[in-house]
>>> print(open('coords.txt').read())   # compact mmCIF, C-alpha atoms
# COMPACT_ATOMS: atom_id res chain seq x y z
CA MET A 1 28.67 11.26 4.39
CA SER A 2 31.24 9.97 1.92
CA ILE A 3 32.97 7.87 4.58
CA ASN A 4 30.80 4.95 3.49
CA LEU A 5 32.21 4.95 -0.04
CA PHE A 6 35.79 5.19 1.19
CA PHE A 7 35.55 2.19 3.47
CA ARG A 8 33.51 0.12 1.06
CA GLN A 9 36.43 -0.04 -1.36
CA THR A 10 38.65 -1.83 1.14
CA GLY A 11 36.05 -4.44 2.15
CA LYS A 12 35.93 -7.72 0.26
CA PRO A 13 33.64 -9.70 -0.11
CA LYS A 14 30.77 -7.24 -0.35
CA ILE A 15 28.37 -6.63 2.50
CA PRO A 16 25.04 -8.42 1.89
CA GLN A 17 22.14 -6.18 0.92
CA TYR A 18 18.50 -6.35 1.88
CA ASN A 19 15.85 -6.90 -0.77
CA THR A 20 13.60 -3.99 -1.71
CA LEU A 21 12.28 -2.69 1.59
CA ASN A 22 9.13 -0.72 2.34
CA ILE A 23 9.20 1.63 5.29
CA GLN A 24 5.54 1.96 6.12
CA LEU A 25 4.55 4.90 8.30
CA LYS A 26 1.15 5.02 9.95
CA GLY A 27 -0.24 7.80 12.06
CA TYR A 28 -3.33 9.67 13.15
CA ASP A 29 -2.19 13.14 12.04
CA PHE A 30 -1.21 13.32 8.39
CA ALA A 31 0.62 16.66 8.63
CA VAL A 32 3.04 15.18 11.16
CA LEU A 33 3.17 11.99 9.11
CA GLU A 34 4.08 13.76 5.89
CA ASN A 35 6.75 15.74 7.66
CA TYR A 36 8.21 12.55 9.07
CA GLN A 37 8.19 10.96 5.64
CA LYS A 38 10.24 13.90 4.42
CA LEU A 39 12.65 13.34 7.30
CA VAL A 40 12.96 9.61 6.51
CA HIS A 41 13.79 10.47 2.93
CA LYS A 42 16.37 13.07 4.01
CA ILE A 43 18.08 10.77 6.49
CA ALA A 44 18.20 7.92 3.98
CA GLU A 45 19.70 10.18 1.33
CA GLY A 46 22.23 11.48 3.83
CA MET A 47 23.34 7.92 4.56
CA ASP A 48 23.82 7.20 0.84
CA VAL A 49 20.86 4.84 0.78
CA GLU A 50 18.99 4.65 -2.53
CA VAL A 51 15.42 5.80 -2.06
CA GLU A 52 13.42 4.36 -4.90
CA ASP A 53 9.89 5.55 -4.34
CA GLY A 54 7.58 7.23 -1.88
CA TRP A 55 3.82 7.03 -1.96
CA ALA A 56 0.63 7.45 0.01
CA VAL A 57 -2.15 4.95 0.53
CA PRO A 58 -5.81 5.86 1.18
CA PRO A 59 -6.44 6.13 4.91
CA GLN A 60 -8.21 3.52 6.96
CA HIS A 61 -11.35 4.76 8.68
CA LEU A 62 -12.05 3.04 11.97
CA LYS A 63 -15.32 3.23 13.83
CA VAL A 64 -14.43 2.85 17.47
CA GLN A 65 -17.15 1.85 19.87
CA ARG A 66 -16.67 1.88 23.59
CA PHE A 67 -19.02 -0.37 25.55
CA LYS A 68 -20.45 0.18 29.01
CA PRO A 69 -18.76 -2.11 31.53
CA GLU A 70 -19.94 -5.73 31.41
CA SER A 71 -22.35 -5.20 28.55
CA THR A 72 -22.48 -4.53 24.84
CA ILE A 73 -24.39 -1.26 25.10
CA VAL A 74 -22.51 1.35 23.18
CA ASP A 75 -21.19 4.05 25.51
CA THR A 76 -19.45 6.28 23.02
CA GLU A 77 -18.71 6.00 19.36
CA TYR A 78 -16.18 7.91 17.33
CA THR A 79 -14.30 7.66 14.04
CA MET A 80 -10.55 7.55 13.80
CA THR A 81 -8.56 7.72 10.61
CA VAL A 82 -5.22 6.01 10.27
CA TYR A 83 -3.17 7.64 7.53
CA GLU A 84 -0.36 5.87 5.76
CA ARG A 85 2.78 6.84 3.87
CA ASN A 86 5.45 4.59 2.39
CA VAL A 87 9.10 5.00 1.51
CA GLN A 88 10.86 2.37 -0.56
CA VAL A 89 14.60 1.78 -0.28
CA ILE A 90 16.72 -0.51 -2.41
CA HIS A 91 20.27 -1.88 -2.14
CA LEU A 92 20.47 -1.35 1.58
CA PRO A 93 23.60 -2.96 3.08
CA SER A 94 22.98 -4.82 6.32
CA THR A 95 25.40 -2.69 8.37
CA VAL A 96 23.89 0.58 7.17
CA GLY A 97 20.44 -0.87 7.70
CA SER A 98 20.94 -1.48 11.41
CA ILE A 99 21.97 2.14 11.94
CA LEU A 100 19.19 3.46 9.70
CA PHE A 101 16.47 1.60 11.60
CA GLU A 102 17.78 2.81 14.95
CA VAL A 103 18.05 6.42 13.83
CA LEU A 104 14.54 6.35 12.36
CA GLN A 105 13.20 4.82 15.53
CA THR A 106 14.68 7.56 17.69
CA ALA A 107 13.29 10.21 15.35
CA LEU A 108 9.72 8.84 15.44
CA PRO A 109 7.26 11.58 16.32
CA GLU A 110 4.32 11.24 18.66
CA GLY A 111 1.60 8.86 17.54
CA VAL A 112 3.44 7.59 14.47
CA SER A 113 4.37 3.96 14.05
CA MET A 114 6.85 2.57 11.57
CA THR A 115 6.86 -0.89 10.02
CA VAL A 116 9.73 -2.12 7.89
CA HIS A 117 9.03 -5.08 5.62
CA GLU A 118 10.07 -6.48 2.27
CA HIS A 119 8.20 -5.24 -0.74
CA LYS A 120 5.76 -7.79 -2.14
CA GLU A 121 3.44 -7.66 -5.15
CA GLU A 122 0.29 -7.32 -3.03
CA HIS A 123 1.67 -4.08 -1.58
CA GLU A 124 1.88 -2.70 -5.09
CA GLU A 125 -1.63 -3.91 -5.97
CA THR A 126 -3.33 -2.29 -2.99
CA ARG A 127 -2.40 1.10 -4.41
CA TYR A 128 -4.55 0.61 -7.53
CA ILE A 129 -8.32 0.46 -7.96
CA PRO A 130 -9.30 -3.11 -8.82
CA ASP A 131 -10.87 -3.37 -12.24
CA ALA A 132 -14.34 -4.95 -12.14
CA GLU A 133 -14.25 -5.87 -15.81
CA LEU A 134 -10.85 -7.42 -15.53
CA LEU A 135 -11.93 -9.51 -12.57
CA GLU A 136 -15.03 -10.61 -14.47
CA LEU A 137 -13.02 -11.68 -17.49
CA LYS A 138 -10.56 -13.51 -15.30
CA SER A 139 -13.33 -15.42 -13.56
CA GLN A 140 -14.78 -16.34 -16.96
CA LEU A 141 -11.41 -17.64 -18.00
CA GLU A 142 -11.23 -19.70 -14.85
CA GLU A 143 -14.62 -21.19 -15.63
CA LEU A 144 -13.54 -22.16 -19.11
CA ARG A 145 -10.40 -23.75 -17.81
CA GLY A 146 -12.39 -25.79 -15.29
CA PRO A 147 -12.76 -29.56 -15.63
CA ASN A 148 -16.45 -29.35 -16.62
CA VAL A 149 -16.71 -27.77 -20.01
CA LYS A 150 -20.09 -26.05 -20.09
CA LYS A 151 -21.80 -25.61 -23.42
CA LYS A 152 -23.76 -22.44 -23.88
CA MET B 1 -43.88 -23.31 -28.91
CA ILE B 2 -44.15 -26.73 -27.44
CA GLY B 3 -46.58 -27.82 -24.83
CA CYS B 4 -45.94 -30.89 -22.68
CA LEU B 5 -48.76 -33.17 -21.59
CA ASP B 6 -46.66 -35.45 -19.52
CA VAL B 7 -44.39 -34.46 -16.68
CA ASP B 8 -42.65 -37.82 -16.41
CA VAL B 9 -38.92 -37.52 -16.20
CA GLY B 10 -37.01 -40.09 -18.10
CA PHE B 11 -39.33 -40.25 -21.05
CA ARG B 12 -38.33 -38.12 -23.91
CA CYS B 13 -40.54 -35.10 -23.91
CA ALA B 14 -40.75 -35.11 -27.67
CA ASP B 15 -42.82 -38.34 -27.64
CA ARG B 16 -45.56 -36.86 -25.55
CA CYS B 17 -45.53 -33.30 -26.76
CA LEU B 18 -48.01 -31.42 -28.80
CA LEU B 19 -46.08 -29.67 -31.42
CA PHE B 20 -47.39 -26.27 -32.27
CA ALA B 21 -44.45 -25.35 -34.43
CA GLU B 22 -41.95 -26.97 -36.70
CA PRO B 23 -40.69 -30.43 -35.88
CA LEU B 24 -37.78 -30.64 -33.42
CA LYS B 25 -34.40 -30.48 -34.93
CA LYS B 26 -32.30 -33.53 -34.40
CA LYS B 27 -29.27 -32.99 -32.18
CA LYS B 28 -26.27 -32.96 -34.42
CA ARG B 29 -23.24 -34.83 -33.25
CA ILE B 30 -20.50 -32.24 -33.29
CA ASP B 31 -16.98 -33.47 -33.51
CA PRO B 32 -15.19 -33.23 -30.16
CA ALA B 33 -12.24 -31.77 -32.02
CA ILE B 34 -14.37 -28.89 -33.26
CA LEU B 35 -15.72 -28.45 -29.74
CA LYS B 36 -12.20 -28.16 -28.44
CA GLN B 37 -11.38 -25.67 -31.15
CA ARG B 38 -14.29 -23.50 -30.11
CA GLU B 39 -13.20 -23.60 -26.50
CA GLU B 40 -9.66 -22.70 -27.46
CA ARG B 41 -10.87 -19.78 -29.51
CA LYS B 42 -13.02 -18.51 -26.65
CA LYS B 43 -10.08 -18.81 -24.27
CA LYS B 44 -7.80 -16.93 -26.63
CA ARG B 45 -10.34 -14.16 -27.07
CA LEU B 46 -10.73 -13.80 -23.31
CA GLU B 47 -6.99 -13.79 -22.79
CA LYS B 48 -6.57 -11.14 -25.45
CA GLN B 49 -9.20 -8.96 -23.81
CA ILE B 50 -7.54 -9.43 -20.43
CA ARG B 51 -4.19 -8.43 -21.87
CA ARG B 52 -5.70 -5.36 -23.49
CA LEU B 53 -7.30 -4.25 -20.24
CA GLU B 54 -4.12 -4.87 -18.29
CA ARG B 55 -2.10 -2.81 -20.71
CA ASN B 56 -4.20 0.28 -20.04
CA ALA B 57 -2.75 2.33 -17.25
CA LYS B 58 -4.22 1.28 -13.93
CA GLN B 59 -5.76 3.97 -11.81
CA LEU B 60 -4.35 4.82 -8.44
CA LYS B 61 -6.80 4.94 -5.58
CA PRO B 62 -7.75 8.49 -4.62
CA ILE B 63 -6.29 9.60 -1.31
CA ASP B 64 -8.84 11.31 0.91
CA GLU B 65 -6.62 13.80 2.65
CA LEU B 66 -5.07 15.03 -0.60
CA GLU B 67 -8.36 15.74 -2.35
CA VAL B 68 -9.79 19.25 -2.18
CA PRO B 69 -13.13 19.08 -0.32
CA LEU B 70 -16.05 19.78 -2.62
CA GLU B 71 -17.37 22.57 -0.38
CA LEU B 72 -14.24 24.58 -1.07
CA VAL B 73 -14.38 23.93 -4.80
CA ASP B 74 -18.02 24.98 -4.97
CA GLY B 75 -17.54 28.08 -2.84
CA LYS B 76 -14.44 29.18 -4.73
CA LYS B 77 -16.13 32.28 -6.16
CA GLU B 78 -17.31 33.43 -2.76
CA ARG B 79 -14.01 32.75 -1.04
CA MET B 80 -11.58 34.11 -3.60
CA ARG B 81 -9.89 37.31 -2.55
CA GLU B 82 -7.43 39.51 -4.32
CA ALA B 83 -3.86 39.13 -3.16
CA ALA B 84 -2.89 41.62 -0.47
CA VAL B 85 -0.40 44.36 -1.35
CA ILE B 86 2.98 43.62 0.24
CA THR B 87 5.24 46.58 0.86
CA PRO B 88 8.96 46.17 0.10
CA ALA B 89 9.79 46.55 3.80
CA VAL B 90 7.54 43.65 4.74
CA GLU B 91 8.90 41.60 1.86
CA GLU B 92 12.47 42.19 2.97
CA GLU B 93 11.62 41.30 6.56
CA ARG B 94 10.07 38.06 5.34
CA ALA B 95 13.11 37.24 3.21
CA LEU B 96 15.45 37.79 6.16
CA LEU B 97 13.23 35.63 8.36
CA THR B 98 13.31 32.85 5.76
CA LYS B 99 17.08 33.06 5.63
CA ASP B 100 17.31 32.80 9.41
CA TRP B 101 15.06 29.77 9.35
CA THR B 102 17.05 28.04 6.61
CA ARG B 103 20.26 28.72 8.52
CA TYR B 104 18.79 27.17 11.66
CA LYS B 105 17.42 24.13 9.83
CA ARG B 106 20.69 23.64 7.99
CA LYS B 107 22.63 23.61 11.26
CA GLN B 108 20.15 21.13 12.70
CA HIS B 109 20.46 18.86 9.67
CA LEU B 110 24.25 19.12 9.73
CA LYS B 111 24.33 18.09 13.40
CA ASP B 112 22.12 15.11 12.62
CA MET B 113 24.32 14.02 9.72
CA GLN B 114 27.47 14.44 11.79
CA MET B 115 25.97 12.22 14.49
CA ILE B 116 25.10 9.60 11.87
CA ASP B 117 28.61 9.83 10.49
CA ARG B 118 30.07 9.24 13.95
CA LEU B 119 27.85 6.15 14.30
CA MET B 120 28.87 4.75 10.91
CA PHE B 121 32.54 5.50 11.54
CA ALA B 122 32.44 3.74 14.90
CA GLN B 123 30.68 0.77 13.34
CA GLN B 124 33.23 0.53 10.55
CA LYS B 125 36.09 0.75 13.00
CA ALA B 126 34.59 -2.02 15.11
CA LEU B 127 34.10 -4.20 12.01
CA ASP B 128 37.69 -3.64 10.92
CA GLU B 129 39.00 -4.60 14.35
CA LEU B 130 36.77 -7.69 14.30
CA ARG B 131 38.08 -8.63 10.90
CA GLN B 132 41.60 -8.51 12.16
CA GLU B 133 40.62 -10.71 15.07
CA SER B 134 38.76 -13.38 13.11
CA GLU B 135 37.39 -13.54 9.58
CA GLU B 136 34.58 -15.95 10.53
CA LEU B 137 33.13 -13.64 13.16
CA TYR B 138 33.36 -10.75 10.75
CA GLN B 139 31.44 -12.69 8.09
CA ALA B 140 28.81 -13.64 10.64
CA ALA B 141 28.56 -10.04 11.84
CA ILE B 142 27.80 -8.57 8.43
CA GLN B 143 25.06 -11.09 7.59
CA ILE B 144 21.45 -9.97 7.41
CA ASN B 145 19.48 -10.84 10.51
CA PRO B 146 16.58 -12.94 9.18
CA THR B 147 14.51 -12.51 12.34
CA LEU B 148 14.66 -8.73 12.11
CA LEU B 149 12.16 -8.12 9.32
CA PRO B 150 9.30 -7.35 9.41
CA PHE B 151 9.38 -5.19 12.52
CA THR B 152 7.16 -2.48 13.91
CA VAL B 153 8.10 0.33 16.25
CA ARG B 154 5.82 2.95 17.75
CA GLY B 155 6.54 6.55 18.48
CA PRO B 156 6.36 8.07 21.94
CA VAL B 157 3.04 9.01 23.54
CA LYS B 158 2.08 12.34 25.01
CA THR B 159 1.39 11.09 28.52
CA PRO B 160 2.91 8.17 30.40
CA PRO B 161 0.68 5.11 30.95
CA ILE B 162 -1.85 5.56 33.75
CA LYS B 163 -1.22 3.16 36.62
CA GLY B 164 -3.96 0.64 37.28
CA TYR B 165 -6.02 1.74 34.29
CA ASP B 166 -8.86 -0.64 33.49
CA SER B 167 -9.17 -0.62 29.73
CA PRO B 168 -12.87 -0.55 28.71
CA ASP B 169 -14.38 -3.08 26.34
CA GLY B 170 -14.92 -1.93 22.83
CA GLU B 171 -14.79 -2.76 19.19
CA TYR B 172 -12.92 -1.44 16.20
CA THR B 173 -14.77 -1.64 12.90
CA ASP B 174 -13.10 -0.90 9.59
CA VAL B 175 -15.42 1.34 7.61
CA SER B 176 -13.04 2.35 4.84
CA LYS B 177 -14.53 2.67 1.38
CA LYS B 178 -13.72 -0.06 -1.09
CA CYS B 179 -13.02 1.13 -4.62
CA VAL B 180 -14.18 -0.57 -7.78
CA VAL B 181 -13.82 0.75 -11.32
CA ASN B 182 -16.94 0.28 -13.35
CA ASN B 183 -17.17 1.33 -16.93
CA HIS B 184 -14.30 1.08 -19.33
CA TRP B 185 -15.73 1.94 -22.71
CA THR B 186 -17.42 5.17 -21.81
CA GLY B 187 -14.51 6.19 -19.65
CA VAL B 188 -16.85 6.69 -16.71
CA VAL B 189 -15.16 5.91 -13.46
CA ASN B 190 -17.05 5.27 -10.27
CA PRO B 191 -14.37 4.86 -7.67
CA CYS B 192 -15.23 4.07 -4.08
CA LEU B 193 -18.67 2.71 -4.89
CA GLN B 194 -19.18 0.47 -1.94
CA VAL B 195 -18.74 0.79 1.77
CA TYR B 196 -16.82 -2.13 3.10
CA GLU B 197 -17.41 -3.23 6.64
CA SER B 198 -15.62 -5.88 8.54
CA ASN B 199 -15.04 -6.59 12.19
CA CYS B 200 -11.42 -6.60 13.17
CA THR B 201 -10.11 -7.50 16.61
CA GLU B 202 -8.16 -4.93 18.53
CA GLU B 203 -4.91 -6.80 18.04
CA GLN B 204 -5.13 -6.49 14.28
CA ASN B 205 -5.25 -2.74 14.46
CA MET B 206 -2.62 -0.22 15.45
>>> encode(input="coords.txt", output="structure tokens")
Amino acid sequence: MSINLFFRQTGKPKIPQYNTLNIQLKGYDFAVLENYQKLVHKIAEGMDVEVEDGWAVPPQHLKVQRFKPESTIVDTEYTMTVYERNVQVIHLPSTVGSILFEVLQTALPEGVSMTVHEHKEEHEETRYIPDAELLELKSQLEELRGPNVKKK
Amino acid sequence: MIGCLDVDVGFRCADRCLLFAEPLKKKKRIDPAILKQREERKKKRLEKQIRRLERNAKQLKPIDELEVPLELVDGKKERMREAAVITPAVEEERALLTKDWTRYKRKQHLKDMQMIDRLMFAQQKALDELRQESEELYQAAIQINPTLLPFTVRGPVKTPPIKGYDSPDGEYTDVSKKCVVNNHWTGVVNPCLQVYESNCTEEQNM
């Protein structure tokens, strides 16, 4: 596990690093999903990859309707929930990254899918409850800033 | 109170109106500079309020599977039992079992890490050899692949795909609750007020 450090000293210039990455895990069974999140964290730590954060996002409830053939009459209807967990890694070198993604892919349990993407601000915002008052004030500000100045 | 006798647009209403109250005040010409000042002040006040609200800690959305269901919370009194008495023999057996399990898991983890180490070692060796061969290729090899991210991979499925399966028509509808915080001043929070429905195509979903 310390081989990485040893060889990194000899290499120059440095190996390029990815931006902050989100490993997004989605699955239908949250017990399996949480266990896999733990495994992702363990593997990343074992590879000397900095794990910054790990969080959960409220699940997505899907109403699935199956239609009778060649019609829109509902045959069966059921609800499925898609649970989500995220692991954030920073300062991931490109060489380590390739191995990490392959190892995580081989360790994927049944019914779990993994998406790796860069962390953007909207990902952070979806975790929080939007503030109705704040949105109202912001829209008022937009009105004021508009070209037509309305007098009350 | 002013009553209008004439409904003609374009004529000033004041000419045709019966005045029941005091005479109409004349519209004062306010300086545009003062107008601007008022607008600026309003803007600043709004911005200050926005900043104050943003400074307060934002609330994280509640996660359904991590919340204790209300039925359990309500029925706590009925369901609570006293802890069972554990004899020392049973306790020791449990401790030994836990140790066996930790030993097994540790070996498993060690094997995994050794495999990863072999992979990284082999990769490093290959990169070193490549560097000796040509510096350009080495530089190109360690670059980040821009087409790689974002990528999605799915785990295995329990049964292999059924041959000649005719997938039925259907629709996925997202019925997750949408959360909105309501009242700030009284501290009352009404998360997940509305039910949000939208039709998504099958491709957009998992």
>>> interface_residues(input="coords.txt", of="chain A", to="chain B", cutoff="7 Å", atoms="only C-alpha atoms", output="number ranges by chain")
A: 1, 15-16, 46, 57-67, 69, 94-95, 105, 108-117, 127-132, 134, 137, 141
>>> closest_residue(input="coords.txt", among="A:Lys138, A:His41, A:Ala31, A:Asp75", to="Asp53 (chain A)", atoms="only C-alpha atoms")
A:His41
>>> atom_distance(input="coords.txt", atom1="CA of Trp55 (chain A)", atom2="CA of Arg85 (chain A)")
5.9 Å
>>> atom_distance(input="coords.txt", atom1="CA of Thr147 (chain B)", atom2="CA of Asn22 (chain A)")
16.4 Å
>>> residues_around(input="coords.txt", residues="Val49 (chain A)", least_positions_apart="2", cutoff="10 Å", atoms="all atoms listed in the file", output="list in words")
His41, Lys42, Ile43, Ala44, Glu45, Gly46, Met47, Val51, Glu52, Val89, Ile90, His91, Leu92, Pro93, Val96, Gly97 and Leu100 of chain A
>>> axis_aligned_box(input="coords.txt", around="region 49-58 of chain A", padding_each_side="3 Å", output="lines of an AutoDock Vina configuration file")
center_x = 7.5
center_y = 5.9
center_z = -1.9
size_x = 32.7
size_y = 9.1
size_z = 12.1
>>> atom_distance(input="coords.txt", atom1="CA of Ile23 (chain A)", atom2="CA of Thr106 (chain A)")
14.8 Å
>>> decode(input="coords.txt", residues="region 57-67 of chain A", atoms="all heavy atoms", output="short mmCIF file (atom, residue, chain, number, x, y, z; two decimals), in the first residue's frame")
data_model
loop_
_atom_site.label_atom_id
_atom_site.label_comp_id
_atom_site.auth_asym_id
_atom_site.auth_seq_id
_atom_site.Cartn_x
_atom_site.Cartn_y
_atom_site.Cartn_z
N VAL A 57 -28.54 10.65 -0.38
CA VAL A 57 -29.49 11.56 -1.00
C VAL A 57 -30.87 10.91 -0.88
O VAL A 57 -30.96 9.68 -0.94
CB VAL A 57 -29.10 11.78 -2.49
CG1 VAL A 57 -30.21 12.44 -3.25
CG2 VAL A 57 -27.85 12.60 -2.58
N PRO A 58 -31.95 11.68 -0.65
CA PRO A 58 -33.26 11.04 -0.53
C PRO A 58 -33.57 10.19 -1.74
O PRO A 58 -33.21 10.53 -2.87
CB PRO A 58 -34.24 12.23 -0.47
CG PRO A 58 -33.44 13.39 -0.15
CD PRO A 58 -32.02 13.12 -0.41
N PRO A 59 -34.23 9.04 -1.51
CA PRO A 59 -34.44 8.12 -2.64
C PRO A 59 -35.46 8.66 -3.63
O PRO A 59 -36.22 9.56 -3.33
CB PRO A 59 -34.98 6.86 -1.95
CG PRO A 59 -35.60 7.34 -0.70
CD PRO A 59 -34.79 8.53 -0.27
N GLN A 60 -35.43 8.07 -4.79
CA GLN A 60 -36.34 8.46 -5.86
C GLN A 60 -37.43 7.39 -5.94
O GLN A 60 -37.13 6.21 -6.11
CB GLN A 60 -35.55 8.50 -7.17
CG GLN A 60 -36.23 9.20 -8.28
CD GLN A 60 -35.44 9.02 -9.57
OE1 GLN A 60 -34.84 7.98 -9.79
NE2 GLN A 60 -35.45 10.01 -10.42
N HIS A 61 -38.67 7.81 -5.76
CA HIS A 61 -39.77 6.84 -5.83
C HIS A 61 -40.32 6.83 -7.24
O HIS A 61 -40.71 7.86 -7.78
CB HIS A 61 -40.88 7.26 -4.85
CG HIS A 61 -40.41 7.28 -3.44
ND1 HIS A 61 -40.42 6.18 -2.63
CD2 HIS A 61 -39.90 8.29 -2.68
CE1 HIS A 61 -39.95 6.51 -1.44
NE2 HIS A 61 -39.62 7.78 -1.44
N LEU A 62 -40.35 5.64 -7.84
CA LEU A 62 -40.85 5.52 -9.20
C LEU A 62 -42.12 4.71 -9.20
O LEU A 62 -42.19 3.64 -8.59
CB LEU A 62 -39.82 4.83 -10.09
CG LEU A 62 -38.50 5.54 -10.33
CD1 LEU A 62 -37.56 4.60 -11.06
CD2 LEU A 62 -38.70 6.79 -11.14
N LYS A 63 -43.12 5.22 -9.88
CA LYS A 63 -44.36 4.47 -10.06
C LYS A 63 -44.27 3.82 -11.43
O LYS A 63 -44.25 4.50 -12.45
CB LYS A 63 -45.55 5.42 -9.98
CG LYS A 63 -46.90 4.73 -10.02
CD LYS A 63 -48.03 5.70 -9.76
CE LYS A 63 -48.33 6.53 -10.99
NZ LYS A 63 -49.48 7.42 -10.80
N VAL A 64 -44.18 2.50 -11.43
CA VAL A 64 -44.00 1.79 -12.69
C VAL A 64 -45.33 1.19 -13.10
O VAL A 64 -45.98 0.49 -12.33
CB VAL A 64 -42.95 0.67 -12.55
CG1 VAL A 64 -42.63 0.09 -13.89
CG2 VAL A 64 -41.71 1.21 -11.89
N GLN A 65 -45.73 1.52 -14.33
CA GLN A 65 -46.98 0.99 -14.83
C GLN A 65 -46.70 0.13 -16.04
O GLN A 65 -46.01 0.56 -16.97
CB GLN A 65 -47.92 2.13 -15.26
CG GLN A 65 -48.47 2.91 -14.10
CD GLN A 65 -49.14 4.18 -14.57
OE1 GLN A 65 -48.65 4.81 -15.50
NE2 GLN A 65 -50.23 4.54 -13.96
N ARG A 66 -47.24 -1.09 -16.01
CA ARG A 66 -47.06 -1.94 -17.18
C ARG A 66 -48.37 -2.00 -17.93
O ARG A 66 -49.43 -2.24 -17.35
CB ARG A 66 -46.67 -3.35 -16.72
CG ARG A 66 -45.97 -4.11 -17.83
CD ARG A 66 -46.29 -5.54 -17.76
NE ARG A 66 -45.48 -6.15 -16.70
CZ ARG A 66 -45.39 -7.47 -16.54
NH1 ARG A 66 -46.05 -8.26 -17.33
NH2 ARG A 66 -44.68 -7.95 -15.57
N PHE A 67 -48.31 -1.73 -19.23
CA PHE A 67 -49.54 -1.67 -20.04
C PHE A 67 -49.83 -3.01 -20.68
O PHE A 67 -48.93 -3.79 -20.95
CB PHE A 67 -49.40 -0.62 -21.14
CG PHE A 67 -49.22 0.77 -20.62
CD1 PHE A 67 -48.41 1.67 -21.30
CD2 PHE A 67 -49.84 1.20 -19.47
CE1 PHE A 67 -48.24 2.95 -20.83
CE2 PHE A 67 -49.67 2.49 -18.99
CZ PHE A 67 -48.86 3.36 -19.69
#
